[in-house]
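Undergrad: Sending over a structure as structure tokens; questions will come in a sec.
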Amino acid sequence: MSVLELLLISGSIAGMATDIYHRKISNRLCLSIFLLCLLLAFFDEKIQLHVYQSLSVVVIGLVLFSVGILGAGDTKLLAAYALIIDQGYFSLTLLMIGLLGGFTAIIIFLMQLISKNTTKKGVPYGVPIVISSLFSLYLSKLN
């Protein structure tokens with residue numbers, strides 16, 4: 001495993017942690033992951049850039065953000081990963097994000113019912129985005 005991959009995994013874990021505890025993913029962290037994805041594409045001959053895929057995520061994510069469905073940090077994070085996820089695995093990535101996000105939402109709902117705690121609203125979609133994206137990136141590297 002390369003240094004860039006370790007940095008990407010570390011940044012991804014940091015993104016999940018901040019999303020869980022603060023329900024926010026910082027712009028600096030999204031930018032760091034974006035730059036790491038660009039560097040990975042540059043130095044790893046198996047990874048290709050998918051700029052249109054990433055731009056599509058930004059456009060659709062902005063629409064979802066404007067209607068309150070998805071957070072801006074989640075959109076930026078997925079757009080960064082979308083740069084280097086192989087197009088053949090991107091649909092799988094979105095499906096996994098939806099399934100893991102739904103599972104996460106159910107767990108949060110049940111925890112709030114049990115504890116009667118409603119202080120943290122929303123689902124930390126950074127967690128399903130990171131898990132799904134790193135898995136699909138791994139599959140992309142195998143191609």
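Residue numbers start at 1 in each chain; chains themselves are named A, B, ... in the order of the structure tokens; ligands are numbered from 1 in the order shown.
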Run DSSP on the backbone and give me the residues of region 27-114 of chain A it puts in alpha helix (DSSP H), as a PyMOL selection string.
TA: chain A and resi 27-43+51-66+72-82+87-114
Undergrad: Show me, as a list in words, the residues that have an atom within 12 Å of region 1-3 of chain A when counting only C-alpha atoms, minus same-chain residues fewer than 4 positions from it.
TA: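 In the requested form, the answer reads Leu7, Leu8, Ile9, Ser10, Leu36, Leu39, Leu40, Phe43, Asp44, Tyr138 and Lys141 of chain A.
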Undergrad: For a quick check of understanding, using only C-alpha atoms, which of A:Leu62, A:Leu49, A:Cys37, A:Leu99 has the smallest distance to Tyr125 (chain A)?
TA: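 Distance minimum relative to Tyr125 (chain A) lands on A:Leu99.
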Undergrad: For each of A:Gly122, A:Gly68, A:Ser91, A:Leu55, take the minimum atom-to-atom distance to Ile106 (chain A), counting only C-alpha atoms, then give the residue where this is smallest.
TA: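 For Ile106 (chain A), the nearest of the given residues is A:Gly122.
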Undergrad: Go through A:Asp74, A:Gly102, A:Ala14, A:Ile84 one by one, measure the shortest atom-to-atom distance of each to Ile129 (chain A) using only C-alpha atoms, and give the residue with the smallest value.
TA: A:Asp74
Undergrad: Here is a test: counting only C-alpha atoms, which residue of A:Ala17, A:Val51, A:Ile69, A:Val63 is nearest to Leu38 (chain A)?
TA: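 Closest candidate: A:Val51.
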Undergrad: Nearest residue to Tyr89 (chain A) out of A:Lys24, A:Gln53, A:Leu35, A:Thr18, using only C-alpha atoms?
TA: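 Among the listed residues, the smallest separation from Tyr89 (chain A) belongs to A:Gln53.
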Undergrad: Point out the residue among A:Met96, A:Leu64, A:Ile13, A:Leu137 with the least atom-to-atom distance to Ala82 (chain A), counting only C-alpha atoms.
TA: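 So, comparing all the options, the nearest one is A:Leu137.
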Undergrad: Set the distance at 10 Å and use only C-alpha atoms: which residues neighbour Val123 (chain A) once local chain neighbours fewer than 5 positions away are removed? I'd like the list as a JSON list (two decimals) with C-alpha atoms, in the first residue's frame.
TA:
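In the end it all went to part.json:
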```json
[["chain", "number", "residue", "atom", "x", "y", "z"],
["A", 19, "ASP", "CA", -19.42, 13.59, 10.31],
["A", 20, "ILE", "CA", -20.44, 11.27, 13.15],
["A", 23, "ARG", "CA", -22.54, 16.18, 11.30],
["A", 70, "LEU", "CA", -27.95, 15.83, 1.09],
["A", 71, "GLY", "CA", -25.29, 17.91, 2.84],
["A", 101, "GLY", "CA", -27.18, 5.14, 4.56],
["A", 102, "GLY", "CA", -30.58, 3.54, 5.09],
["A", 104, "THR", "CA", -27.36, 3.93, 9.39],
["A", 105, "ALA", "CA", -30.61, 5.93, 9.49],
["A", 106, "ILE", "CA", -32.48, 2.98, 11.02],
["A", 107, "ILE", "CA", -29.80, 2.49, 13.68],
["A", 108, "ILE", "CA", -29.82, 6.21, 14.56],
["A", 109, "PHE", "CA", -33.62, 6.20, 14.73],
["A", 128, "PRO", "CA", -21.55, 5.27, 3.87]]
```
Undergrad: What is the CA of Lys121 (chain A)-CA of Phe90 (chain A) distance in Å, reported with one decimal?
TA: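 CA of Phe90 (chain A) lies 28.3 Å from CA of Lys121 (chain A).
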Undergrad: Write out as an MDAnalysis selection string each polymer residue whose atoms come within 12 Å of Leu78 (chain A), counting only C-alpha atoms; drop sequence neighbours fewer than 5 positions from it.
TA: chainID A and resid 12 15 25 30:31 33:34 37 53:62 70:73 83:85 90 93:94 97 125:134 136:137
Undergrad: Okay, now the selection with C-alpha atoms, as an mmCIF file, in the first residue's frame?
TA:
```cif
data_model
loop_
_atom_site.group_PDB
_atom_site.id
_atom_site.type_symbol
_atom_site.label_atom_id
_atom_site.label_comp_id
_atom_site.auth_asym_id
_atom_site.auth_seq_id
_atom_site.Cartn_x
_atom_site.Cartn_y
_atom_site.Cartn_z
ATOM 1 C CA SER A 12 -11.358 9.263 5.050
ATOM 2 C CA GLY A 15 -14.061 12.587 7.564
ATOM 3 C CA ILE A 25 -17.301 17.495 6.814
ATOM 4 C CA CYS A 30 -12.788 17.470 1.243
ATOM 5 C CA LEU A 31 -10.055 19.399 -0.569
ATOM 6 C CA ILE A 33 -9.233 14.019 -0.263
ATOM 7 C CA PHE A 34 -9.771 15.616 -3.676
ATOM 8 C CA CYS A 37 -7.467 11.351 -5.419
ATOM 9 C CA GLN A 53 -18.546 11.621 -13.309
ATOM 10 C CA SER A 54 -17.314 13.946 -10.580
ATOM 11 C CA LEU A 55 -18.974 16.994 -12.139
ATOM 12 C CA SER A 56 -22.252 15.068 -12.383
ATOM 13 C CA VAL A 57 -22.041 14.360 -8.655
ATOM 14 C CA VAL A 58 -21.527 18.071 -7.970
ATOM 15 C CA VAL A 59 -24.501 19.142 -10.104
ATOM 16 C CA ILE A 60 -26.893 16.496 -8.739
ATOM 17 C CA GLY A 61 -25.541 17.020 -5.217
ATOM 18 C CA LEU A 62 -26.217 20.759 -5.403
ATOM 19 C CA LEU A 70 -27.946 15.833 1.092
ATOM 20 C CA GLY A 71 -25.294 17.911 2.840
ATOM 21 C CA ALA A 72 -22.795 20.020 0.948
ATOM 22 C CA GLY A 73 -19.864 18.224 2.586
ATOM 23 C CA LEU A 83 -12.811 11.293 -9.742
ATOM 24 C CA ILE A 84 -11.084 7.926 -9.420
ATOM 25 C CA ILE A 85 -13.828 5.305 -9.054
ATOM 26 C CA PHE A 90 -19.894 3.839 -9.775
ATOM 27 C CA THR A 93 -21.019 2.761 -5.163
ATOM 28 C CA LEU A 94 -24.279 4.714 -5.260
ATOM 29 C CA ILE A 97 -24.249 4.394 -0.222
ATOM 30 C CA TYR A 125 -23.838 10.131 5.191
ATOM 31 C CA GLY A 126 -20.072 10.615 5.186
ATOM 32 C CA VAL A 127 -19.742 7.136 6.689
ATOM 33 C CA PRO A 128 -21.552 5.268 3.867
ATOM 34 C CA ILE A 129 -19.879 7.501 1.279
ATOM 35 C CA VAL A 130 -16.389 6.715 2.579
ATOM 36 C CA ILE A 131 -16.966 2.984 3.037
ATOM 37 C CA SER A 132 -18.605 2.564 -0.367
ATOM 38 C CA SER A 133 -16.104 4.767 -2.177
ATOM 39 C CA LEU A 134 -13.027 3.103 -0.715
ATOM 40 C CA SER A 136 -15.188 0.721 -5.109
ATOM 41 C CA LEU A 137 -11.757 2.321 -5.390
#
```
Undergrad: Work out how far apart CA of Ser32 (chain A) and CA of Leu77 (chain A) are and give it in Å to one decimal.
TA: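 So the answer is 9.9 Å.
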